[in-house]
Amino acid sequence: MALSLRNKVVLITGASNGIGKAIALEFAKHGSKLVLTGRNGTDLQDTVHKCKREGVTDSQILSVIVDFAGEDGGIRKLVDETIEKFGVIDVLVNNAGTAKLGNLETQTMEDYDLTMKVNLRSVFYLTKLVRPHIIKQKGNIVMVSSVNSLIVATETIAYNMSKAAIDHLMRNLAIELAEFGVRVNSVNPGEVLTKLQERFETTKAELDKYMENTGAVFHPLGRNAEAEEVAKAVRFLASDDASFTTGVALTVDGGAAYK
């Protein structure tokens with residue numbers, strides 16, 4: 001157990017499903033206090049319930065419904081409620097994101113703007129608000145980026161751009177915050193089955209075929225990643241086991257970035 005995470009206040013965005021839910025459960029297993037956000041209240045409460053089964057008590061967990069495509073007030077409310085309940089923020093995990101299919105010809109500007117607002121602007125604003133609390137605690141920040149920031153995937157152009165920007169934001173913040181003892185890193189997953197993929201495919205058969213193809217073709221290791229594998233990488237970077245690691249984009253992609 002990474003004892004450095006016990007009783008640390010960890011704010012995780014996009015925790016209602018997929019990678020975010022796996023991250024929440026990973027930190028719950030290591031005794032952290034949790035602040036969990038998501039758009040879907042039912043799914044978010046399921047994450048809360050599963051974290052409590054790992055030993056987290058009511059006094060150690062806070063859930064806040066936030067739509068990162070909405071107004072800035074929701075993000076301010078999230079930070080205010082976190083400080084009101086726990087007084088501090090030790091770790092920020094910027095995981096919430098969205099994706100819309102499209103290349104330069106087909107990507108609508110509405111979908112482009114939504115992608116950039118959720119994947120980049122909201123991350124910038126939340127991190128800006130959390131900055132003084134992270135500095136006070138000499139905590140750290142982990143961005144959940146994507147292997148798509150490192151490769152060319154022509155049908156998700158706005159998503160790829162947003163994740164490349166997240167990686168560069170991470171590197172900038174790693175240098176900007178180093179003087180305060182704050183570390184900033186990112187985890188860049190390969191393909192993981194989440195609700196994002198479910199939105200792209202119209203039938204379960206098409207989804208299964210897509211995931212089978214990406215596992216066999218996209219990743220040299222021959223399979224897709226599990227959300228829990230990404231969560232463990234996030235937990236490592238947030239822990240004292242990574243105490244001299246900052247400015248790193250850690251790929252958890254089965255070798256896809258180098259294929």
# chains A, B, ... in the order shown; residues from 1 in each chain; ligands from 1
>>> select_by_dssp(residues="stretch 15-255 of chain A", states="helix (DSSP H, G or I)", output="ChimeraX atom specification")
/A:18-29,41-53,58-60,72-86,109-137,147-149,157-178,195-200,204-218,227-238,240-242
>>> select_by_dssp(residues="stretch 1-244 of chain A", states="strand (DSSP E or B)", output="mmCIF file with all heavy atoms, in the first residue's frame")
data_model
loop_
_atom_site.group_PDB
_atom_site.id
_atom_site.type_symbol
_atom_site.label_atom_id
_atom_site.label_comp_id
_atom_site.auth_asym_id
_atom_site.auth_seq_id
_atom_site.Cartn_x
_atom_site.Cartn_y
_atom_site.Cartn_z
ATOM 1 N N VAL A 9 -6.279 14.204 0.474
ATOM 2 C CA VAL A 9 -7.517 14.609 -0.207
ATOM 3 C C VAL A 9 -7.245 14.637 -1.710
ATOM 4 O O VAL A 9 -6.431 15.427 -2.193
ATOM 5 C CB VAL A 9 -7.999 15.983 0.285
ATOM 6 C CG1 VAL A 9 -9.234 16.425 -0.508
ATOM 7 C CG2 VAL A 9 -8.289 15.934 1.777
ATOM 8 N N VAL A 10 -7.939 13.758 -2.427
ATOM 9 C CA VAL A 10 -7.714 13.582 -3.860
ATOM 10 C C VAL A 10 -8.981 13.970 -4.612
ATOM 11 O O VAL A 10 -10.036 13.367 -4.421
ATOM 12 C CB VAL A 10 -7.340 12.119 -4.184
ATOM 13 C CG1 VAL A 10 -7.040 11.963 -5.672
ATOM 14 C CG2 VAL A 10 -6.143 11.671 -3.343
ATOM 15 N N LEU A 11 -8.880 14.967 -5.471
ATOM 16 C CA LEU A 11 -10.011 15.430 -6.280
ATOM 17 C C LEU A 11 -9.894 14.800 -7.657
ATOM 18 O O LEU A 11 -8.905 15.013 -8.361
ATOM 19 C CB LEU A 11 -9.996 16.957 -6.375
ATOM 20 C CG LEU A 11 -11.260 17.676 -6.867
ATOM 21 C CD1 LEU A 11 -11.167 19.172 -6.588
ATOM 22 C CD2 LEU A 11 -11.538 17.455 -8.353
ATOM 23 N N ILE A 12 -10.912 14.025 -8.044
ATOM 24 C CA ILE A 12 -10.895 13.280 -9.302
ATOM 25 C C ILE A 12 -12.089 13.708 -10.145
ATOM 26 O O ILE A 12 -13.236 13.560 -9.731
ATOM 27 C CB ILE A 12 -10.963 11.764 -9.052
ATOM 28 C CG1 ILE A 12 -9.834 11.317 -8.121
ATOM 29 C CG2 ILE A 12 -10.922 10.993 -10.368
ATOM 30 C CD1 ILE A 12 -10.027 9.925 -7.552
ATOM 31 N N LYS A 33 -8.836 10.263 1.058
ATOM 32 C CA LYS A 33 -10.112 10.949 1.116
ATOM 33 C C LYS A 33 -10.432 11.431 -0.298
ATOM 34 O O LYS A 33 -9.531 11.890 -1.011
ATOM 35 C CB LYS A 33 -10.049 12.128 2.080
ATOM 36 C CG LYS A 33 -9.751 11.721 3.516
ATOM 37 C CD LYS A 33 -9.600 12.932 4.422
ATOM 38 C CE LYS A 33 -9.263 12.518 5.843
ATOM 39 N NZ LYS A 33 -9.056 13.685 6.735
ATOM 40 N N LEU A 34 -11.690 11.319 -0.699
ATOM 41 C CA LEU A 34 -12.025 11.487 -2.109
ATOM 42 C C LEU A 34 -13.029 12.594 -2.353
ATOM 43 O O LEU A 34 -14.024 12.725 -1.636
ATOM 44 C CB LEU A 34 -12.587 10.177 -2.664
ATOM 45 C CG LEU A 34 -11.693 8.947 -2.552
ATOM 46 C CD1 LEU A 34 -12.438 7.713 -3.032
ATOM 47 C CD2 LEU A 34 -10.413 9.133 -3.354
ATOM 48 N N VAL A 35 -12.764 13.368 -3.400
ATOM 49 C CA VAL A 35 -13.739 14.299 -3.964
ATOM 50 C C VAL A 35 -13.979 13.841 -5.392
ATOM 51 O O VAL A 35 -13.050 13.851 -6.218
ATOM 52 C CB VAL A 35 -13.245 15.750 -3.939
ATOM 53 C CG1 VAL A 35 -14.313 16.673 -4.510
ATOM 54 C CG2 VAL A 35 -12.846 16.163 -2.536
ATOM 55 N N LEU A 36 -15.205 13.421 -5.691
ATOM 56 C CA LEU A 36 -15.524 12.819 -6.976
ATOM 57 C C LEU A 36 -16.529 13.669 -7.736
ATOM 58 O O LEU A 36 -17.527 14.113 -7.165
ATOM 59 C CB LEU A 36 -16.096 11.414 -6.775
ATOM 60 C CG LEU A 36 -15.271 10.468 -5.886
ATOM 61 C CD1 LEU A 36 -15.979 9.128 -5.761
ATOM 62 C CD2 LEU A 36 -13.860 10.293 -6.435
ATOM 63 N N THR A 37 -16.269 13.883 -9.018
ATOM 64 C CA THR A 37 -17.197 14.648 -9.848
ATOM 65 C C THR A 37 -17.639 13.813 -11.041
ATOM 66 O O THR A 37 -16.954 12.880 -11.467
ATOM 67 C CB THR A 37 -16.554 15.941 -10.376
ATOM 68 O OG1 THR A 37 -15.681 15.620 -11.473
ATOM 69 C CG2 THR A 37 -15.766 16.649 -9.299
ATOM 70 N N GLY A 38 -18.786 14.178 -11.575
ATOM 71 C CA GLY A 38 -19.306 13.561 -12.785
ATOM 72 C C GLY A 38 -20.580 14.268 -13.194
ATOM 73 O O GLY A 38 -21.147 15.042 -12.415
ATOM 74 N N ILE A 61 -15.538 11.198 2.003
ATOM 75 C CA ILE A 61 -15.869 11.262 0.577
ATOM 76 C C ILE A 61 -16.884 12.372 0.321
ATOM 77 O O ILE A 61 -17.778 12.628 1.137
ATOM 78 C CB ILE A 61 -16.402 9.903 0.072
ATOM 79 C CG1 ILE A 61 -16.414 9.854 -1.452
ATOM 80 C CG2 ILE A 61 -17.753 9.555 0.666
ATOM 81 C CD1 ILE A 61 -16.589 8.450 -2.013
ATOM 82 N N LEU A 62 -16.705 13.036 -0.813
ATOM 83 C CA LEU A 62 -17.614 14.093 -1.260
ATOM 84 C C LEU A 62 -17.856 13.880 -2.743
ATOM 85 O O LEU A 62 -16.913 13.680 -3.507
ATOM 86 C CB LEU A 62 -16.987 15.471 -1.022
ATOM 87 C CG LEU A 62 -17.714 16.679 -1.632
ATOM 88 C CD1 LEU A 62 -19.060 16.907 -0.946
ATOM 89 C CD2 LEU A 62 -16.824 17.926 -1.559
ATOM 90 N N SER A 63 -19.119 13.911 -3.152
ATOM 91 C CA SER A 63 -19.439 13.821 -4.577
ATOM 92 C C SER A 63 -20.153 15.105 -4.997
ATOM 93 O O SER A 63 -21.036 15.590 -4.288
ATOM 94 C CB SER A 63 -20.315 12.599 -4.877
ATOM 95 O OG SER A 63 -21.566 12.685 -4.218
ATOM 96 N N VAL A 64 -19.755 15.635 -6.139
ATOM 97 C CA VAL A 64 -20.317 16.896 -6.649
ATOM 98 C C VAL A 64 -20.605 16.709 -8.134
ATOM 99 O O VAL A 64 -19.698 16.372 -8.908
ATOM 100 C CB VAL A 64 -19.341 18.076 -6.450
ATOM 101 C CG1 VAL A 64 -19.981 19.374 -6.917
ATOM 102 C CG2 VAL A 64 -18.891 18.182 -5.002
ATOM 103 N N ILE A 65 -21.847 16.931 -8.528
ATOM 104 C CA ILE A 65 -22.202 16.853 -9.944
ATOM 105 C C ILE A 65 -21.716 18.124 -10.643
ATOM 106 O O ILE A 65 -22.081 19.241 -10.247
ATOM 107 C CB ILE A 65 -23.719 16.677 -10.125
ATOM 108 C CG1 ILE A 65 -24.170 15.340 -9.525
ATOM 109 C CG2 ILE A 65 -24.093 16.751 -11.608
ATOM 110 C CD1 ILE A 65 -25.667 15.123 -9.560
ATOM 111 N N VAL A 91 -4.108 16.270 -3.978
ATOM 112 C CA VAL A 91 -3.889 15.734 -5.324
ATOM 113 C C VAL A 91 -5.071 16.111 -6.204
ATOM 114 O O VAL A 91 -6.225 15.974 -5.795
ATOM 115 C CB VAL A 91 -3.741 14.195 -5.310
ATOM 116 C CG1 VAL A 91 -3.535 13.657 -6.728
ATOM 117 C CG2 VAL A 91 -2.592 13.757 -4.404
ATOM 118 N N LEU A 92 -4.769 16.586 -7.405
ATOM 119 C CA LEU A 92 -5.801 16.851 -8.413
ATOM 120 C C LEU A 92 -5.579 15.896 -9.575
ATOM 121 O O LEU A 92 -4.485 15.859 -10.153
ATOM 122 C CB LEU A 92 -5.720 18.294 -8.902
ATOM 123 C CG LEU A 92 -6.593 18.642 -10.114
ATOM 124 C CD1 LEU A 92 -8.078 18.450 -9.805
ATOM 125 C CD2 LEU A 92 -6.312 20.066 -10.593
ATOM 126 N N VAL A 93 -6.622 15.128 -9.918
ATOM 127 C CA VAL A 93 -6.569 14.245 -11.084
ATOM 128 C C VAL A 93 -7.563 14.779 -12.115
ATOM 129 O O VAL A 93 -8.774 14.660 -11.952
ATOM 130 C CB VAL A 93 -6.909 12.787 -10.724
ATOM 131 C CG1 VAL A 93 -6.839 11.908 -11.980
ATOM 132 C CG2 VAL A 93 -5.968 12.260 -9.649
ATOM 133 N N ASN A 94 -7.023 15.396 -13.148
ATOM 134 C CA ASN A 94 -7.851 15.936 -14.233
ATOM 135 C C ASN A 94 -8.129 14.826 -15.236
ATOM 136 O O ASN A 94 -7.325 14.564 -16.132
ATOM 137 C CB ASN A 94 -7.126 17.097 -14.919
ATOM 138 C CG ASN A 94 -7.193 18.383 -14.126
ATOM 139 O OD1 ASN A 94 -8.254 18.815 -13.702
ATOM 140 N ND2 ASN A 94 -6.039 19.001 -13.907
ATOM 141 N N GLY A 102 -14.462 13.141 -36.187
ATOM 142 C CA GLY A 102 -14.383 14.105 -37.274
ATOM 143 C C GLY A 102 -12.958 14.435 -37.642
ATOM 144 O O GLY A 102 -12.063 14.425 -36.794
ATOM 145 N N ASN A 140 0.371 17.348 -5.684
ATOM 146 C CA ASN A 140 0.712 17.109 -7.087
ATOM 147 C C ASN A 140 -0.529 16.992 -7.946
ATOM 148 O O ASN A 140 -1.647 16.831 -7.441
ATOM 149 C CB ASN A 140 1.621 15.891 -7.227
ATOM 150 C CG ASN A 140 0.930 14.591 -6.877
ATOM 151 O OD1 ASN A 140 0.236 13.997 -7.697
ATOM 152 N ND2 ASN A 140 1.121 14.137 -5.633
ATOM 153 N N ILE A 141 -0.294 17.081 -9.245
ATOM 154 C CA ILE A 141 -1.362 17.066 -10.239
ATOM 155 C C ILE A 141 -1.062 15.975 -11.259
ATOM 156 O O ILE A 141 0.069 15.843 -11.713
ATOM 157 C CB ILE A 141 -1.470 18.430 -10.955
ATOM 158 C CG1 ILE A 141 -1.747 19.544 -9.949
ATOM 159 C CG2 ILE A 141 -2.545 18.399 -12.039
ATOM 160 C CD1 ILE A 141 -1.541 20.952 -10.494
ATOM 161 N N VAL A 142 -2.101 15.205 -11.600
ATOM 162 C CA VAL A 142 -1.976 14.203 -12.658
ATOM 163 C C VAL A 142 -3.045 14.461 -13.705
ATOM 164 O O VAL A 142 -4.238 14.528 -13.384
ATOM 165 C CB VAL A 142 -2.115 12.765 -12.118
ATOM 166 C CG1 VAL A 142 -1.901 11.754 -13.251
ATOM 167 C CG2 VAL A 142 -1.140 12.496 -10.983
ATOM 168 N N MET A 143 -2.617 14.641 -14.940
ATOM 169 C CA MET A 143 -3.530 14.784 -16.069
ATOM 170 C C MET A 143 -3.756 13.412 -16.697
ATOM 171 O O MET A 143 -2.799 12.650 -16.893
ATOM 172 C CB MET A 143 -2.935 15.710 -17.128
ATOM 173 C CG MET A 143 -2.388 17.017 -16.628
ATOM 174 S SD MET A 143 -3.707 18.163 -16.168
ATOM 175 C CE MET A 143 -2.742 19.690 -16.015
ATOM 176 N N VAL A 144 -4.991 13.095 -17.028
ATOM 177 C CA VAL A 144 -5.253 11.904 -17.836
ATOM 178 C C VAL A 144 -5.364 12.371 -19.280
ATOM 179 O O VAL A 144 -6.356 12.974 -19.677
ATOM 180 C CB VAL A 144 -6.514 11.158 -17.381
ATOM 181 C CG1 VAL A 144 -6.770 9.951 -18.291
ATOM 182 C CG2 VAL A 144 -6.356 10.693 -15.935
ATOM 183 N N THR A 156 -10.302 11.752 -35.180
ATOM 184 C CA THR A 156 -10.564 12.406 -33.884
ATOM 185 C C THR A 156 -9.655 13.627 -33.752
ATOM 186 O O THR A 156 -8.962 13.790 -32.758
ATOM 187 C CB THR A 156 -10.329 11.420 -32.720
ATOM 188 O OG1 THR A 156 -9.044 10.795 -32.888
ATOM 189 C CG2 THR A 156 -11.412 10.360 -32.656
ATOM 190 N N ARG A 183 4.612 18.580 -8.013
ATOM 191 C CA ARG A 183 4.884 17.789 -9.206
ATOM 192 C C ARG A 183 3.652 17.737 -10.097
ATOM 193 O O ARG A 183 2.526 17.705 -9.605
ATOM 194 C CB ARG A 183 5.293 16.363 -8.828
ATOM 195 C CG ARG A 183 6.558 16.286 -7.986
ATOM 196 C CD ARG A 183 6.954 14.854 -7.678
ATOM 197 N NE ARG A 183 5.942 14.144 -6.896
ATOM 198 C CZ ARG A 183 5.109 13.240 -7.370
ATOM 199 N NH1 ARG A 183 5.140 12.909 -8.653
ATOM 200 N NH2 ARG A 183 4.246 12.634 -6.565
ATOM 201 N N VAL A 184 3.880 17.722 -11.422
ATOM 202 C CA VAL A 184 2.788 17.644 -12.399
ATOM 203 C C VAL A 184 3.185 16.646 -13.481
ATOM 204 O O VAL A 184 4.251 16.784 -14.101
ATOM 205 C CB VAL A 184 2.493 19.008 -13.036
ATOM 206 C CG1 VAL A 184 1.227 18.928 -13.900
ATOM 207 C CG2 VAL A 184 2.340 20.103 -11.980
ATOM 208 N N ASN A 185 2.333 15.657 -13.703
ATOM 209 C CA ASN A 185 2.600 14.620 -14.707
ATOM 210 C C ASN A 185 1.313 14.259 -15.439
ATOM 211 O O ASN A 185 0.217 14.696 -15.052
ATOM 212 C CB ASN A 185 3.170 13.368 -14.029
ATOM 213 C CG ASN A 185 4.519 13.607 -13.382
ATOM 214 O OD1 ASN A 185 5.538 13.718 -14.047
ATOM 215 N ND2 ASN A 185 4.529 13.701 -12.041
ATOM 216 N N SER A 186 1.448 13.458 -16.476
ATOM 217 C CA SER A 186 0.251 12.953 -17.162
ATOM 218 C C SER A 186 0.387 11.460 -17.415
ATOM 219 O O SER A 186 1.497 10.923 -17.481
ATOM 220 C CB SER A 186 0.015 13.683 -18.493
ATOM 221 O OG SER A 186 1.015 13.360 -19.446
ATOM 222 N N VAL A 187 -0.759 10.808 -17.535
ATOM 223 C CA VAL A 187 -0.831 9.417 -17.966
ATOM 224 C C VAL A 187 -1.527 9.413 -19.322
ATOM 225 O O VAL A 187 -2.576 10.039 -19.495
ATOM 226 C CB VAL A 187 -1.612 8.558 -16.952
ATOM 227 C CG1 VAL A 187 -1.843 7.153 -17.503
ATOM 228 C CG2 VAL A 187 -0.861 8.490 -15.631
ATOM 229 N N ASN A 188 -0.921 8.704 -20.279
ATOM 230 C CA ASN A 188 -1.430 8.704 -21.651
ATOM 231 C C ASN A 188 -1.863 7.293 -22.045
ATOM 232 O O ASN A 188 -1.055 6.501 -22.534
ATOM 233 C CB ASN A 188 -0.351 9.220 -22.603
ATOM 234 C CG ASN A 188 0.043 10.656 -22.328
ATOM 235 O OD1 ASN A 188 0.412 11.011 -21.212
ATOM 236 N ND2 ASN A 188 -0.048 11.501 -23.336
ATOM 237 N N PRO A 189 -3.143 6.968 -21.820
ATOM 238 C CA PRO A 189 -3.602 5.598 -22.086
ATOM 239 C C PRO A 189 -3.772 5.331 -23.575
ATOM 240 O O PRO A 189 -4.015 6.233 -24.386
ATOM 241 C CB PRO A 189 -4.961 5.542 -21.384
ATOM 242 C CG PRO A 189 -5.055 6.782 -20.552
ATOM 243 C CD PRO A 189 -4.178 7.788 -21.213
ATOM 244 N N VAL A 192 -9.085 2.083 -24.177
ATOM 245 C CA VAL A 192 -9.749 1.483 -23.020
ATOM 246 C C VAL A 192 -11.244 1.547 -23.281
ATOM 247 O O VAL A 192 -11.752 2.593 -23.713
ATOM 248 C CB VAL A 192 -9.429 2.250 -21.715
ATOM 249 C CG1 VAL A 192 -10.114 1.581 -20.529
ATOM 250 C CG2 VAL A 192 -7.932 2.345 -21.494
ATOM 251 N N ALA A 225 -6.117 -1.793 -23.171
ATOM 252 C CA ALA A 225 -5.817 -1.575 -21.755
ATOM 253 C C ALA A 225 -7.060 -1.769 -20.908
ATOM 254 O O ALA A 225 -8.184 -1.579 -21.374
ATOM 255 C CB ALA A 225 -5.262 -0.168 -21.540
#
>>> residues_around(residues="A:Val56", least_positions_apart="2", cutoff="10 Å", atoms="only C-alpha atoms", output="MDAnalysis selection string")
chainID A and resid 25 27:34 48:54 58:61
>>> write_last_selection(atoms="C-alpha atoms", output="short mmCIF file (atom, residue, chain, number, x, y, z; two decimals), in the first residue's frame")
data_model
loop_
_atom_site.label_atom_id
_atom_site.label_comp_id
_atom_site.auth_asym_id
_atom_site.auth_seq_id
_atom_site.Cartn_x
_atom_site.Cartn_y
_atom_site.Cartn_z
CA LEU A 25 -11.49 2.93 -6.51
CA PHE A 27 -7.27 5.68 -4.34
CA ALA A 28 -10.03 4.34 -2.08
CA LYS A 29 -8.04 1.13 -1.67
CA HIS A 30 -5.06 3.21 -0.55
CA GLY A 31 -6.93 5.09 2.16
CA SER A 32 -7.35 8.47 0.47
CA LYS A 33 -10.11 10.95 1.12
CA LEU A 34 -12.02 11.49 -2.11
CA VAL A 48 -19.34 6.45 -4.23
CA HIS A 49 -21.00 3.18 -3.16
CA LYS A 50 -18.13 1.09 -4.53
CA CYS A 51 -15.56 3.33 -2.81
CA LYS A 52 -17.37 2.85 0.49
CA ARG A 53 -17.12 -0.91 0.01
CA GLU A 54 -13.35 -0.37 -0.05
CA ASP A 58 -19.09 9.27 4.66
CA SER A 59 -16.72 11.72 6.33
CA GLN A 60 -13.99 10.79 3.85
CA ILE A 61 -15.87 11.26 0.58
#
>>> atom_distance(atom1="atom CA of A:Glu155", atom2="atom CA of A:Thr115")
13.7 Å
>>> atom_distance(atom1="atom CA of A:Arg39", atom2="atom CA of A:Ser162")
20.0 Å
>>> closest_residue(among="A:Ile89, A:Asp253, A:Thr246, A:Arg171", to="A:Ala227", atoms="only C-alpha atoms")
A:Asp253
>>> atom_distance(atom1="atom CA of A:Leu250", atom2="atom CA of A:Glu191")
14.6 Å
>>> closest_residue(among="A:Ser122, A:Gln137, A:Asn103, A:Thr127", to="A:Met161", atoms="only C-alpha atoms")
A:Asn103
>>> closest_residue(among="A:Thr82, A:Ser149, A:Thr106, A:Asn7", to="A:Thr57", atoms="only C-alpha atoms")
A:Asn7
>>> closest_atom_pairs(of="stretch 94-126 of chain A", to="stretch 71-74 of chain A", cutoff="12 Å", atoms="only C-alpha atoms", output="Markdown table")
| residue | atom | partner | partner_atom | distance |
| --- | --- | --- | --- | --- |
| A:Lys117 | CA | A:Glu71 | CA | 10.3 |
| A:Val118 | CA | A:Glu71 | CA | 11.0 |
| A:Arg121 | CA | A:Asp72 | CA | 10.0 |
| A:Ser122 | CA | A:Asp72 | CA | 8.0 |
| A:Val123 | CA | A:Asp72 | CA | 11.2 |
| A:Phe124 | CA | A:Asp72 | CA | 11.4 |
| A:Tyr125 | CA | A:Asp72 | CA | 8.1 |
| A:Leu126 | CA | A:Asp72 | CA | 9.0 |
